[in-house]
>>> print(open('my_file_15.pdb').read())   # PDB, C-alpha atoms
ATOM      1  CA  MET A 518      -5.178  19.778  13.522
ATOM      2  CA  THR A 519      -2.179  21.468  11.869
ATOM      3  CA  VAL A 520       0.454  19.736   9.779
ATOM      4  CA  ALA A 521       3.377  21.547   8.224
ATOM      5  CA  THR A 522       4.126  20.494   4.650
ATOM      6  CA  ASP A 523       6.518  21.527   1.928
ATOM      7  CA  THR A 524       4.539  19.599  -0.676
ATOM      8  CA  PRO A 525       3.170  21.847  -3.456
ATOM      9  CA  GLN A 526      -0.543  21.645  -4.182
ATOM     10  CA  VAL A 527      -1.350  18.556  -6.227
ATOM     11  CA  LEU A 528      -4.583  16.650  -6.784
ATOM     12  CA  ILE A 529      -4.186  12.881  -7.061
ATOM     13  CA  ASP A 530      -6.852  10.183  -7.284
ATOM     14  CA  GLY A 531      -5.594   6.801  -6.148
ATOM     15  CA  LEU A 532      -8.134   4.693  -8.064
ATOM     16  CA  GLN A 533     -10.484   5.042 -11.033
ATOM     17  CA  TYR A 534     -12.024   2.570 -13.482
ATOM     18  CA  CYS A 535     -13.863   4.752 -15.965
ATOM     19  CA  ASN A 536     -15.146   4.111 -19.469
ATOM     20  CA  TRP A 537     -12.129   5.969 -20.781
ATOM     21  CA  SER A 538     -12.703   8.656 -23.417
ATOM     22  CA  ARG A 539     -11.287  11.959 -24.503
ATOM     23  CA  GLU A 540     -14.161  13.660 -22.699
ATOM     24  CA  ILE A 541     -13.092  12.065 -19.404
ATOM     25  CA  PHE A 542      -9.470  13.068 -19.962
ATOM     26  CA  GLU A 543     -10.633  16.628 -20.700
ATOM     27  CA  GLN A 544     -12.596  16.586 -17.451
ATOM     28  CA  MET A 545      -9.483  15.434 -15.585
ATOM     29  CA  ARG A 546      -7.768  18.569 -16.824
ATOM     30  CA  GLN A 547     -10.752  20.787 -16.034
ATOM     31  CA  GLY A 548     -10.977  19.225 -12.579
ATOM     32  CA  GLY A 549      -7.286  19.920 -11.962
ATOM     33  CA  LEU A 550      -6.178  16.296 -11.534
ATOM     34  CA  THR A 551      -2.410  15.996 -11.404
ATOM     35  CA  ALA A 552      -2.312  12.179 -11.458
ATOM     36  CA  VAL A 553      -4.714   9.232 -11.501
ATOM     37  CA  HIS A 554      -4.192   5.537 -10.786
ATOM     38  CA  ALA A 555      -6.258   3.829 -13.513
ATOM     39  CA  THR A 556      -7.398   0.198 -13.360
ATOM     40  CA  VAL A 557      -6.377  -1.829 -16.417
ATOM     41  CA  GLY A 558      -8.271  -5.019 -15.623
ATOM     42  CA  TYR A 559      -9.904  -7.435 -13.207
ATOM     43  CA  HIS A 560     -10.243 -11.114 -14.184
ATOM     44  CA  GLU A 561      -8.186 -11.080 -17.375
ATOM     45  CA  GLY A 562      -5.213 -13.363 -17.931
ATOM     46  CA  PHE A 563      -1.834 -12.124 -19.121
ATOM     47  CA  ARG A 564      -2.590 -11.988 -22.846
ATOM     48  CA  GLU A 565      -5.890 -10.121 -22.402
ATOM     49  CA  THR A 566      -4.149  -7.675 -20.084
ATOM     50  CA  VAL A 567      -1.531  -6.985 -22.726
ATOM     51  CA  ARG A 568      -4.392  -6.217 -25.128
ATOM     52  CA  HIS A 569      -5.708  -3.664 -22.627
ATOM     53  CA  LEU A 570      -2.218  -2.160 -22.387
ATOM     54  CA  VAL A 571      -2.104  -1.865 -26.178
ATOM     55  CA  ASP A 572      -5.402   0.018 -25.968
ATOM     56  CA  TRP A 573      -3.914   2.303 -23.332
ATOM     57  CA  ARG A 574      -0.936   3.089 -25.576
ATOM     58  CA  THR A 575      -3.434   4.142 -28.248
ATOM     59  CA  ARG A 576      -5.186   6.396 -25.712
ATOM     60  CA  PHE A 577      -1.887   8.005 -24.725
ATOM     61  CA  ARG A 578      -1.028   8.622 -28.381
ATOM     62  CA  ASP A 579      -4.463   9.965 -29.329
ATOM     63  CA  ASN A 580      -4.713  12.176 -26.226
ATOM     64  CA  GLU A 581      -1.094  13.163 -25.730
ATOM     65  CA  ASP A 582      -2.106  16.762 -25.158
ATOM     66  CA  LEU A 583      -4.123  15.694 -22.068
ATOM     67  CA  ILE A 584      -2.507  12.611 -20.489
ATOM     68  CA  LEU A 585       0.784  10.754 -20.282
ATOM     69  CA  LEU A 586       1.894   7.315 -19.119
ATOM     70  CA  ALA A 587       3.463   7.629 -15.664
ATOM     71  CA  ARG A 588       6.218   5.188 -14.726
ATOM     72  CA  ASP A 589       7.747   7.094 -11.806
ATOM     73  CA  SER A 590       7.326  10.236  -9.727
ATOM     74  CA  GLY A 591       9.244  12.296 -12.264
ATOM     75  CA  ASP A 592       6.365  11.827 -14.682
ATOM     76  CA  ILE A 593       4.091  13.674 -12.257
ATOM     77  CA  GLU A 594       6.357  16.704 -12.572
ATOM     78  CA  ARG A 595       6.510  16.262 -16.348
ATOM     79  CA  ALA A 596       2.716  16.173 -16.499
ATOM     80  CA  ARG A 597       2.388  19.304 -14.364
ATOM     81  CA  ALA A 598       4.911  21.169 -16.485
ATOM     82  CA  SER A 599       2.986  20.334 -19.668
ATOM     83  CA  ASN A 600      -0.525  20.839 -18.223
ATOM     84  CA  ARG A 601      -1.440  17.154 -18.491
ATOM     85  CA  THR A 602      -2.588  14.404 -16.114
ATOM     86  CA  ALA A 603      -0.169  11.593 -15.271
ATOM     87  CA  ILE A 604      -1.804   8.149 -15.518
ATOM     88  CA  PHE A 605      -0.407   5.318 -13.391
ATOM     89  CA  LEU A 606      -1.667   1.906 -14.518
ATOM     90  CA  GLY A 607      -2.693  -0.812 -12.072
ATOM     91  CA  LEU A 608      -4.407  -4.174 -11.653
ATOM     92  CA  GLN A 609      -7.240  -4.894  -9.213
ATOM     93  CA  ASN A 610      -6.541  -8.621  -9.348
ATOM     94  CA  PRO A 611      -3.342 -10.697  -9.697
ATOM     95  CA  MET A 612      -5.004 -12.884 -12.362
ATOM     96  CA  PRO A 613      -2.760 -11.407 -15.106
ATOM     97  CA  ILE A 614       0.360 -12.999 -13.561
ATOM     98  CA  GLU A 615      -1.404 -16.376 -13.764
ATOM     99  CA  ASP A 616       0.842 -18.827 -11.880
ATOM    100  CA  ASP A 617       4.119 -17.374 -13.172
ATOM    101  CA  ILE A 618       6.136 -15.136 -10.844
ATOM    102  CA  GLY A 619       8.135 -13.896 -13.840
ATOM    103  CA  LEU A 620       5.100 -12.172 -15.320
ATOM    104  CA  ILE A 621       5.214  -9.569 -12.547
ATOM    105  CA  GLU A 622       8.390  -8.152 -14.060
ATOM    106  CA  MET A 623       6.975  -8.371 -17.579
ATOM    107  CA  LEU A 624       3.922  -6.355 -16.542
ATOM    108  CA  PHE A 625       6.102  -3.866 -14.676
ATOM    109  CA  ASP A 626       8.167  -3.370 -17.839
ATOM    110  CA  LEU A 627       4.927  -2.771 -19.765
ATOM    111  CA  GLY A 628       3.897   0.007 -17.372
ATOM    112  CA  ILE A 629       1.953  -1.605 -14.511
ATOM    113  CA  ARG A 630       2.810   0.152 -11.249
ATOM    114  CA  PHE A 631       0.085  -1.086  -8.833
ATOM    115  CA  MET A 632      -1.275  -4.578  -8.227
ATOM    116  CA  GLN A 633      -3.828  -5.861  -5.720
ATOM    117  CA  LEU A 634      -3.032  -9.193  -4.112
ATOM    118  CA  THR A 635      -6.707 -10.217  -4.206
ATOM    119  CA  TYR A 636     -10.052  -9.164  -5.620
ATOM    120  CA  ASN A 637     -12.885 -10.348  -3.323
ATOM    121  CA  ASN A 638     -12.110 -14.068  -3.751
ATOM    122  CA  GLN A 639      -9.179 -16.252  -2.756
ATOM    123  CA  SER A 640      -6.366 -15.776  -5.249
ATOM    124  CA  LEU A 641      -3.066 -17.560  -5.702
ATOM    125  CA  LEU A 642      -1.553 -14.825  -3.505
ATOM    126  CA  GLY A 643      -3.997 -14.323  -0.630
ATOM    127  CA  CYS A 644      -7.582 -14.185   0.512
ATOM    128  CA  GLY A 645     -10.232 -11.675  -0.520
ATOM    129  CA  TRP A 646     -12.705 -10.137   1.885
ATOM    130  CA  MET A 647     -15.726 -12.110   0.637
ATOM    131  CA  GLU A 648     -14.379 -15.547   1.545
ATOM    132  CA  LYS A 649     -15.730 -17.112   4.758
ATOM    133  CA  GLU A 650     -12.263 -18.062   6.006
ATOM    134  CA  ASP A 651      -9.185 -15.870   5.565
ATOM    135  CA  SER A 652      -6.136 -18.130   5.477
ATOM    136  CA  GLY A 653      -3.737 -15.238   4.929
ATOM    137  CA  LEU A 654      -0.920 -14.995   2.416
ATOM    138  CA  THR A 655      -0.129 -18.047   0.327
ATOM    139  CA  ARG A 656       3.339 -19.331  -0.495
ATOM    140  CA  MET A 657       3.128 -17.631  -3.880
ATOM    141  CA  GLY A 658       1.815 -14.494  -2.190
ATOM    142  CA  ARG A 659       4.957 -14.196  -0.115
ATOM    143  CA  GLU A 660       7.097 -14.681  -3.231
ATOM    144  CA  ALA A 661       5.039 -12.111  -5.132
ATOM    145  CA  ILE A 662       5.491  -9.527  -2.375
ATOM    146  CA  ALA A 663       9.252 -10.013  -2.485
ATOM    147  CA  GLU A 664       9.239  -9.629  -6.266
ATOM    148  CA  MET A 665       7.041  -6.541  -6.187
ATOM    149  CA  ASN A 666       9.325  -5.055  -3.545
ATOM    150  CA  ARG A 667      12.368  -5.769  -5.733
ATOM    151  CA  LEU A 668      10.825  -4.078  -8.755
ATOM    152  CA  GLY A 669       9.124  -1.219  -6.942
ATOM    153  CA  MET A 670       5.593  -2.250  -7.958
ATOM    154  CA  ILE A 671       3.166  -0.884  -5.355
ATOM    155  CA  ILE A 672       1.245  -3.487  -3.340
ATOM    156  CA  ASP A 673      -2.461  -2.656  -3.049
ATOM    157  CA  LEU A 674      -4.528  -4.370  -0.334
ATOM    158  CA  SER A 675      -7.969  -3.127  -1.359
ATOM    159  CA  HIS A 676     -10.427  -6.056  -1.388
ATOM    160  CA  ALA A 677      -8.123  -8.167   0.821
ATOM    161  CA  GLY A 678      -9.267 -10.028   3.908
ATOM    162  CA  GLU A 679      -8.142  -8.789   7.321
ATOM    163  CA  ARG A 680      -5.519 -11.446   7.973
ATOM    164  CA  THR A 681      -4.146 -11.248   4.445
ATOM    165  CA  ALA A 682      -3.855  -7.460   4.693
ATOM    166  CA  LEU A 683      -2.112  -7.473   8.062
ATOM    167  CA  GLU A 684       0.315 -10.194   6.998
ATOM    168  CA  ALA A 685       1.157  -8.338   3.790
ATOM    169  CA  ILE A 686       1.751  -5.035   5.592
ATOM    170  CA  SER A 687       4.075  -6.800   8.020
ATOM    171  CA  LEU A 688       5.968  -8.814   5.402
ATOM    172  CA  SER A 689       6.498  -6.129   2.777
ATOM    173  CA  GLN A 690       9.849  -4.378   2.888
ATOM    174  CA  ARG A 691       8.245  -1.351   1.240
ATOM    175  CA  PRO A 692       5.183   0.616   2.365
ATOM    176  CA  VAL A 693       1.885  -0.593   0.871
ATOM    177  CA  VAL A 694      -1.476   1.008   0.155
ATOM    178  CA  VAL A 695      -5.167   0.350   0.471
ATOM    179  CA  SER A 696      -5.983   2.469  -2.558
ATOM    180  CA  HIS A 697      -9.771   2.696  -2.123
ATOM    181  CA  ALA A 698     -11.628   1.914   1.107
ATOM    182  CA  ASN A 699     -12.993   3.646   4.222
ATOM    183  CA  PRO A 700     -12.994   3.028   7.993
ATOM    184  CA  ARG A 701     -15.090  -0.073   8.616
ATOM    185  CA  TRP A 702     -16.749   1.182  11.787
ATOM    186  CA  LEU A 703     -18.330   4.047   9.819
ATOM    187  CA  ARG A 704     -19.789   1.722   7.176
ATOM    188  CA  ASP A 705     -20.045  -1.851   8.433
ATOM    189  CA  SER A 706     -18.695  -3.837   5.522
ATOM    190  CA  ASN A 707     -15.652  -6.089   5.452
ATOM    191  CA  ARG A 708     -14.814  -4.369   2.163
ATOM    192  CA  ASN A 709     -13.793  -1.409   4.340
ATOM    193  CA  VAL A 710     -10.820  -1.542   6.717
ATOM    194  CA  SER A 711     -10.475  -1.916  10.483
ATOM    195  CA  LYS A 712      -8.575   0.220  12.954
ATOM    196  CA  ALA A 713      -5.992  -2.564  13.163
ATOM    197  CA  VAL A 714      -5.266  -2.211   9.447
ATOM    198  CA  LEU A 715      -5.131   1.601   9.665
ATOM    199  CA  LEU A 716      -2.704   1.431  12.568
ATOM    200  CA  ALA A 717      -0.539  -1.102  10.734
ATOM    201  CA  LEU A 718      -0.459   1.113   7.637
ATOM    202  CA  ARG A 719       0.600   4.098   9.725
ATOM    203  CA  GLU A 720       3.287   2.086  11.512
ATOM    204  CA  ARG A 721       4.804   0.974   8.188
ATOM    205  CA  GLU A 722       4.416   4.342   6.390
ATOM    206  CA  GLY A 723       1.557   3.093   4.218
ATOM    207  CA  LEU A 724      -1.428   4.995   2.847
ATOM    208  CA  LEU A 725      -5.226   4.748   2.720
ATOM    209  CA  GLY A 726      -7.156   6.185  -0.218
ATOM    210  CA  LEU A 727     -10.633   7.269   0.906
ATOM    211  CA  SER A 728     -13.346   5.919  -1.384
ATOM    212  CA  LEU A 729     -16.308   7.798  -2.867
ATOM    213  CA  TYR A 730     -18.038   4.593  -3.992
ATOM    214  CA  PRO A 731     -21.496   4.713  -2.347
ATOM    215  CA  LEU A 732     -21.338   1.201  -0.873
ATOM    216  CA  HIS A 733     -18.230   2.255   1.075
ATOM    217  CA  LEU A 734     -19.599   5.579   2.380
ATOM    218  CA  PRO A 735     -21.151   6.121   5.827
ATOM    219  CA  ASN A 736     -24.544   7.143   4.457
ATOM    220  CA  GLY A 737     -24.318   5.559   1.024
ATOM    221  CA  SER A 738     -25.475   7.669  -1.896
ATOM    222  CA  ASP A 739     -26.885  10.237   0.558
ATOM    223  CA  THR A 740     -23.496  10.958   2.155
ATOM    224  CA  THR A 741     -22.878  14.724   2.160
ATOM    225  CA  PRO A 742     -19.536  16.500   1.633
ATOM    226  CA  GLY A 743     -19.534  17.293   5.357
ATOM    227  CA  GLN A 744     -20.050  13.636   6.290
ATOM    228  CA  PHE A 745     -17.224  12.681   3.959
ATOM    229  CA  GLY A 746     -15.054  15.262   5.704
ATOM    230  CA  GLU A 747     -15.986  13.887   9.144
ATOM    231  CA  MET A 748     -15.055  10.383   7.972
ATOM    232  CA  ALA A 749     -11.708  11.688   6.741
ATOM    233  CA  SER A 750     -11.196  13.474  10.052
ATOM    234  CA  GLU A 751     -11.767  10.279  12.022
ATOM    235  CA  ALA A 752      -9.315   8.375   9.831
ATOM    236  CA  ALA A 753      -6.766  11.184  10.174
ATOM    237  CA  ARG A 754      -6.982  11.016  13.976
ATOM    238  CA  ILE A 755      -5.786   7.413  13.732
ATOM    239  CA  MET A 756      -3.348   7.608  10.837
ATOM    240  CA  GLY A 757      -2.411  11.239  10.453
ATOM    241  CA  ALA A 758      -3.250  13.203   7.314
ATOM    242  CA  GLU A 759       0.190  12.364   5.927
ATOM    243  CA  HIS A 760      -1.015   8.752   5.447
ATOM    244  CA  LEU A 761      -4.378   9.643   3.943
ATOM    245  CA  GLY A 762      -5.410  10.329   0.354
ATOM    246  CA  ILE A 763      -8.279   9.940  -2.078
ATOM    247  CA  GLY A 764      -9.066   6.720  -3.946
ATOM    248  CA  SER A 765     -12.437   7.648  -5.395
ATOM    249  CA  ASP A 766     -13.206   4.305  -7.106
ATOM    250  CA  LEU A 767     -14.911   6.453  -9.728
ATOM    251  CA  CYS A 768     -16.460   4.366 -12.525
ATOM    252  CA  GLN A 769     -17.571   7.286 -14.666
ATOM    253  CA  ASP A 770     -19.660   6.384 -17.743
ATOM    254  CA  GLN A 771     -19.361   2.639 -17.184
ATOM    255  CA  PRO A 772     -22.461   0.580 -18.075
ATOM    256  CA  ASP A 773     -24.069  -1.684 -15.466
ATOM    257  CA  SER A 774     -22.808  -4.724 -17.372
ATOM    258  CA  VAL A 775     -19.320  -3.868 -16.097
ATOM    259  CA  VAL A 776     -20.463  -4.524 -12.514
ATOM    260  CA  ARG A 777     -21.271  -8.098 -13.475
ATOM    261  CA  TRP A 778     -17.784  -8.543 -14.932
ATOM    262  CA  MET A 779     -16.163  -7.022 -11.842
ATOM    263  CA  ARG A 780     -18.093  -9.257  -9.425
ATOM    264  CA  GLU A 781     -18.574 -12.446 -11.398
ATOM    265  CA  GLY A 782     -15.788 -12.601 -13.973
ATOM    266  CA  ARG A 783     -15.705 -16.111 -15.429
ATOM    267  CA  TRP A 784     -15.450 -17.959 -12.134
ATOM    268  CA  THR A 785     -19.201 -18.490 -11.677
ATOM    269  CA  ARG A 786     -22.329 -19.084 -13.766
ATOM    270  CA  GLU A 787     -24.539 -17.569 -11.093
ATOM    271  CA  ILE A 788     -26.027 -14.209 -12.040
ATOM    272  CA  GLN A 789     -26.375 -11.679  -9.228
ATOM    273  CA  ALA A 790     -29.751  -9.980  -9.038
ATOM    274  CA  THR A 791     -28.326  -6.550  -8.140
ATOM    275  CA  ALA A 792     -25.415  -6.273 -10.551
ATOM    276  CA  SER A 793     -25.701  -2.531 -11.141
ATOM    277  CA  PHE A 794     -23.844   0.577 -10.057
ATOM    278  CA  PRO A 795     -25.288   2.382  -7.033
ATOM    279  CA  LEU A 796     -26.255   6.017  -7.467
ATOM    280  CA  GLN A 797     -23.296   8.308  -6.848
ATOM    281  CA  PRO A 798     -23.686  11.132  -4.297
ATOM    282  CA  SER A 799     -25.229  14.128  -6.057
ATOM    283  CA  TRP A 800     -22.087  16.196  -5.468
ATOM    284  CA  PHE A 801     -19.535  13.660  -6.771
ATOM    285  CA  GLY A 802     -20.151  11.928 -10.074
ATOM    286  CA  SER A 803     -17.322  12.866 -12.421
ATOM    287  CA  ASN A 804     -13.762  14.117 -12.690
ATOM    288  CA  LEU A 805     -15.140  17.659 -12.550
ATOM    289  CA  ASP A 806     -16.219  17.272  -8.921
ATOM    290  CA  PHE A 807     -12.974  16.948  -6.954
ATOM    291  CA  SER A 808     -13.198  20.532  -5.714
ATOM    292  CA  ARG A 809     -16.176  19.462  -3.586
ATOM    293  CA  LEU A 810     -13.870  17.241  -1.524
ATOM    294  CA  SER A 811     -11.987  20.292  -0.309
ATOM    295  CA  GLU A 812     -15.252  21.811   0.925
ATOM    296  CA  GLY A 813     -15.995  18.707   2.971
ATOM    297  CA  LEU A 814     -12.506  18.535   4.472
ATOM    298  CA  LEU A 815     -12.419  22.196   5.456
ATOM    299  CA  SER A 816     -15.893  22.001   6.985
ATOM    300  CA  ALA A 817     -14.697  19.074   9.139
ATOM    301  CA  GLY A 818     -11.855  21.127  10.604
ATOM    302  CA  PHE A 819      -8.943  20.320   8.330
ATOM    303  CA  GLY A 820      -6.520  23.159   7.857
ATOM    304  CA  LYS A 821      -5.318  24.067   4.371
ATOM    305  CA  ALA A 822      -2.051  22.142   4.789
ATOM    306  CA  GLU A 823      -3.864  19.018   5.976
ATOM    307  CA  SER A 824      -6.451  19.297   3.241
ATOM    308  CA  SER A 825      -3.671  19.531   0.678
ATOM    309  CA  LEU A 826      -2.156  16.335   2.013
ATOM    310  CA  VAL A 827      -5.402  14.392   1.720
ATOM    311  CA  LEU A 828      -6.196  15.743  -1.737
ATOM    312  CA  GLY A 829      -2.858  14.735  -3.206
ATOM    313  CA  GLY A 830       0.137  15.664  -1.085
ATOM    314  CA  ALA A 831       0.232  12.340   0.767
ATOM    315  CA  TRP A 832      -0.067  10.357  -2.471
ATOM    316  CA  HIS A 833       2.657  12.520  -4.008
ATOM    317  CA  ARG A 834       5.026  11.821  -1.116
ATOM    318  CA  PHE A 835       4.221   8.113  -1.237
ATOM    319  CA  ILE A 836       4.834   7.868  -4.985
ATOM    320  CA  LYS A 837       8.087   9.837  -4.725
ATOM    321  CA  ALA A 838       9.313   7.369  -2.104
ATOM    322  CA  SER A 839       8.000   4.268  -3.892
ATOM    323  CA  LEU A 840       8.702   5.214  -7.513
ATOM    324  CA  PRO A 841      11.583   7.687  -7.405
ATOM    325  CA  SER A 842      12.375   9.557 -10.607
ATOM    326  CA  GLY A 843      14.782   7.512 -12.703
ATOM    327  CA  GLY A 844      14.375   4.525 -10.344
TER
END
>>> encode(input="my_file_15.pdb", output="structure tokens")
Amino acid sequence: MTVATDTPQVLIDGLQYCNWSREIFEQMRQGGLTAVHATVGYHEGFRETVRHLVDWRTRFRDNEDLILLARDSGDIERARASNRTAIFLGLQNPMPIEDDIGLIEMLFDLGIRFMQLTYNNQSLLGCGWMEKEDSGLTRMGREAIAEMNRLGMIIDLSHAGERTALEAISLSQRPVVVSHANPRWLRDSNRNVSKAVLLALREREGLLGLSLYPLHLPNGSDTTPGQFGEMASEAARIMGAEHLGIGSDLCQDQPDSVVRWMREGRWTREIQATASFPLQPSWFGSNLDFSRLSEGLLSAGFGKAESSLVLGGAWHRFIKASLPSGG
């Protein structure tokens, strides 16, 4: 497999939700990360989300030598030139827009650049993968897609049901992403994505971010770098490496109590018995470990150009098209 590319070497992670600290930002620099899509929140409403954004502004100010707020692709180049990591902010749930379409623009103005249409459950926009019946996009979901397209906010279909994902890919006038998931036939979970979704993403110039979260991996916590590379190779045969990136879903330093918030929020009183993080693969547990991904890709037969695409080149191209500098 050989793909020509004029994209310079970059390393981009399409999804993290870490317990943010200066140590983690230092590790991003040590690990060579050019840009990271960072989750701001899950089940929070608009006002709580704004509070999280205030906290992020404090992080950017206190760690301005390591990170910067990224609003468009030009900020990736600015980060590279100043030896920092560009941080794109995103939402894993549309809860922050409540039932007000106008809040999408408000959040965009405040720095949000990614938003998932669902998180596991049915939302006001579409159906999550854990519901028994996937009814597809809602009326508000179709309006939200049009508004996100108008603004340039990137539509993320991670955690969406099959029908909802396919309808969103078809309806969107801009390419969309599944920021963190893997091929479903390699790990049988509806949280992962089918060949139909991969083909639809390729057809509409979308992108899949390969996940390192153990519950998404072919052999769970015991998945080796080589097995990760083989999984990437199989996805690339369907989509092409130019539509494939990394979305590690890294939750570095988060306590197990965060899993309960992610899964249960405030929508249920039922406590799940296994609300804890699974053990990460021994070779990938922090922002220092991204070099190991290259080993796995090369061992699976990726050439250097293809490997560069998966490790960041494809994300870079996608962001340049979706969030052009000065756009």
>>> residues_around(input="my_file_15.pdb", residues="Glu812 of chain A", least_positions_apart="3", cutoff="8 Å", atoms="only C-alpha atoms", output="PyMOL selection string")
chain A and resi 742-743+808-809+815-816
>>> residues_near_point(input="my_file_15.pdb", point="(-14.7, 9.7, 7.9)", cutoff="9 Å", atoms="all atoms listed in the file", output="PyMOL selection string")
chain A and resi 699-700+703+727+734-735+744-753
>>> resolve_selection(input="my_file_15.pdb", expression="the PyMOL selection byres ((chain A and resi 633) around 7)", output="PyMOL selection string")
chain A and resi 608-611+631-632+634-635+672-675
>>> resolve_selection(input="my_file_15.pdb", expression="the PyMOL selection byres ((chain A and resi 677) around 7)", output="PyMOL selection string")
chain A and resi 635-637+644-646+674-676+678-679+681-682
>>> atom_distance(input="my_file_15.pdb", atom1="atom CA of Gly802 of chain A", atom2="atom CA of Leu585 of chain A")
23.3 Å
>>> atom_distance(input="my_file_15.pdb", atom1="atom CA of Ile541 of chain A", atom2="atom CA of Ala596 of chain A")
16.6 Å
>>> residues_around(input="my_file_15.pdb", residues="segment 755-766 of chain A", least_positions_apart="4", cutoff="7 Å", atoms="only C-alpha atoms", output="JSON, numbers by chain")
{"A": [530, 531, 532, 533, 534, 696, 697, 715, 716, 719, 723, 724, 725, 726, 727, 728, 729, 730, 751, 823, 826, 827, 828, 829, 831, 832]}
>>> closest_residue(input="my_file_15.pdb", among="A:Gly558, A:Pro613, A:Pro692, A:Pro795", to="Pro772 of chain A", atoms="only C-alpha atoms")
A:Pro795
>>> closest_residue(input="my_file_15.pdb", among="A:Ile788, A:Ala555, A:Ala838, A:Ala661", to="Gln769 of chain A", atoms="only C-alpha atoms")
A:Ala555
>>> resolve_selection(input="my_file_15.pdb", expression="the PyMOL selection byres ((chain A and resi 626) around 12)", output="mmCIF file with C-alpha atoms, in the frame of the given file")
data_model
loop_
_atom_site.group_PDB
_atom_site.id
_atom_site.type_symbol
_atom_site.label_atom_id
_atom_site.label_comp_id
_atom_site.auth_asym_id
_atom_site.auth_seq_id
_atom_site.Cartn_x
_atom_site.Cartn_y
_atom_site.Cartn_z
ATOM 1 C CA VAL A 567 -1.531 -6.985 -22.726
ATOM 2 C CA LEU A 570 -2.218 -2.160 -22.387
ATOM 3 C CA ARG A 588 6.218 5.188 -14.726
ATOM 4 C CA LEU A 606 -1.667 1.906 -14.518
ATOM 5 C CA GLY A 619 8.135 -13.896 -13.840
ATOM 6 C CA LEU A 620 5.100 -12.172 -15.320
ATOM 7 C CA ILE A 621 5.214 -9.569 -12.547
ATOM 8 C CA GLU A 622 8.390 -8.152 -14.060
ATOM 9 C CA MET A 623 6.975 -8.371 -17.579
ATOM 10 C CA LEU A 624 3.922 -6.355 -16.542
ATOM 11 C CA PHE A 625 6.102 -3.866 -14.676
ATOM 12 C CA LEU A 627 4.927 -2.771 -19.765
ATOM 13 C CA GLY A 628 3.897 0.007 -17.372
ATOM 14 C CA ILE A 629 1.953 -1.605 -14.511
ATOM 15 C CA ARG A 630 2.810 0.152 -11.249
ATOM 16 C CA LEU A 668 10.825 -4.078 -8.755
ATOM 17 C CA GLY A 669 9.124 -1.219 -6.942
ATOM 18 C CA MET A 670 5.593 -2.250 -7.958
#
>>> residues_near_point(input="my_file_15.pdb", point="(-25.5, 2.8, -8.9)", cutoff="9 Å", atoms="all atoms listed in the file", output="JSON, numbers by chain")
{"A": [731, 738, 773, 793, 794, 795, 796, 797]}
>>> atom_distance(input="my_file_15.pdb", atom1="atom CA of Arg576 of chain A", atom2="atom CA of His560 of chain A")
21.6 Å
>>> closest_residue(input="my_file_15.pdb", among="A:Val557, A:Met657, A:Ala598, A:Leu814", to="Asp617 of chain A", atoms="only C-alpha atoms")
A:Met657
>>> closest_residue(input="my_file_15.pdb", among="A:Gly658, A:Gly818, A:Gly782, A:Gly548", to="Leu688 of chain A", atoms="all atoms listed in the file")
A:Gly658
>>> build_atoms(input="my_file_15.pdb", residues="segment 715-725 of chain A", atoms="N, CA and C atoms", output="tab-separated table (two decimals), in the coordinates of the input")
chain	number	residue	atom	x	y	z
A	715	LEU	N	-5.57	0.20	9.73
A	715	LEU	CA	-5.13	1.60	9.66
A	715	LEU	C	-3.89	1.83	10.51
A	716	LEU	N	-3.87	1.27	11.69
A	716	LEU	CA	-2.70	1.43	12.57
A	716	LEU	C	-1.47	0.77	11.97
A	717	ALA	N	-1.67	-0.40	11.36
A	717	ALA	CA	-0.54	-1.10	10.73
A	717	ALA	C	-0.01	-0.31	9.54
A	718	LEU	N	-0.90	0.28	8.75
A	718	LEU	CA	-0.46	1.11	7.64
A	718	LEU	C	0.36	2.30	8.14
A	719	ARG	N	-0.14	2.95	9.17
A	719	ARG	CA	0.60	4.10	9.72
A	719	ARG	C	1.98	3.68	10.22
A	720	GLU	N	2.03	2.57	10.93
A	720	GLU	CA	3.29	2.09	11.51
A	720	GLU	C	4.33	1.81	10.45
A	721	ARG	N	3.87	1.34	9.26
A	721	ARG	CA	4.80	0.97	8.19
A	721	ARG	C	4.82	2.00	7.06
A	722	GLU	N	4.37	3.22	7.34
A	722	GLU	CA	4.42	4.34	6.39
A	722	GLU	C	3.57	4.09	5.15
A	723	GLY	N	2.46	3.36	5.32
A	723	GLY	CA	1.56	3.09	4.22
A	723	GLY	C	0.53	4.20	4.05
A	724	LEU	N	-0.46	3.95	3.19
A	724	LEU	CA	-1.43	5.00	2.85
A	724	LEU	C	-2.80	4.38	2.58
A	725	LEU	N	-3.84	5.09	3.02
A	725	LEU	CA	-5.23	4.75	2.72
A	725	LEU	C	-5.81	5.78	1.78
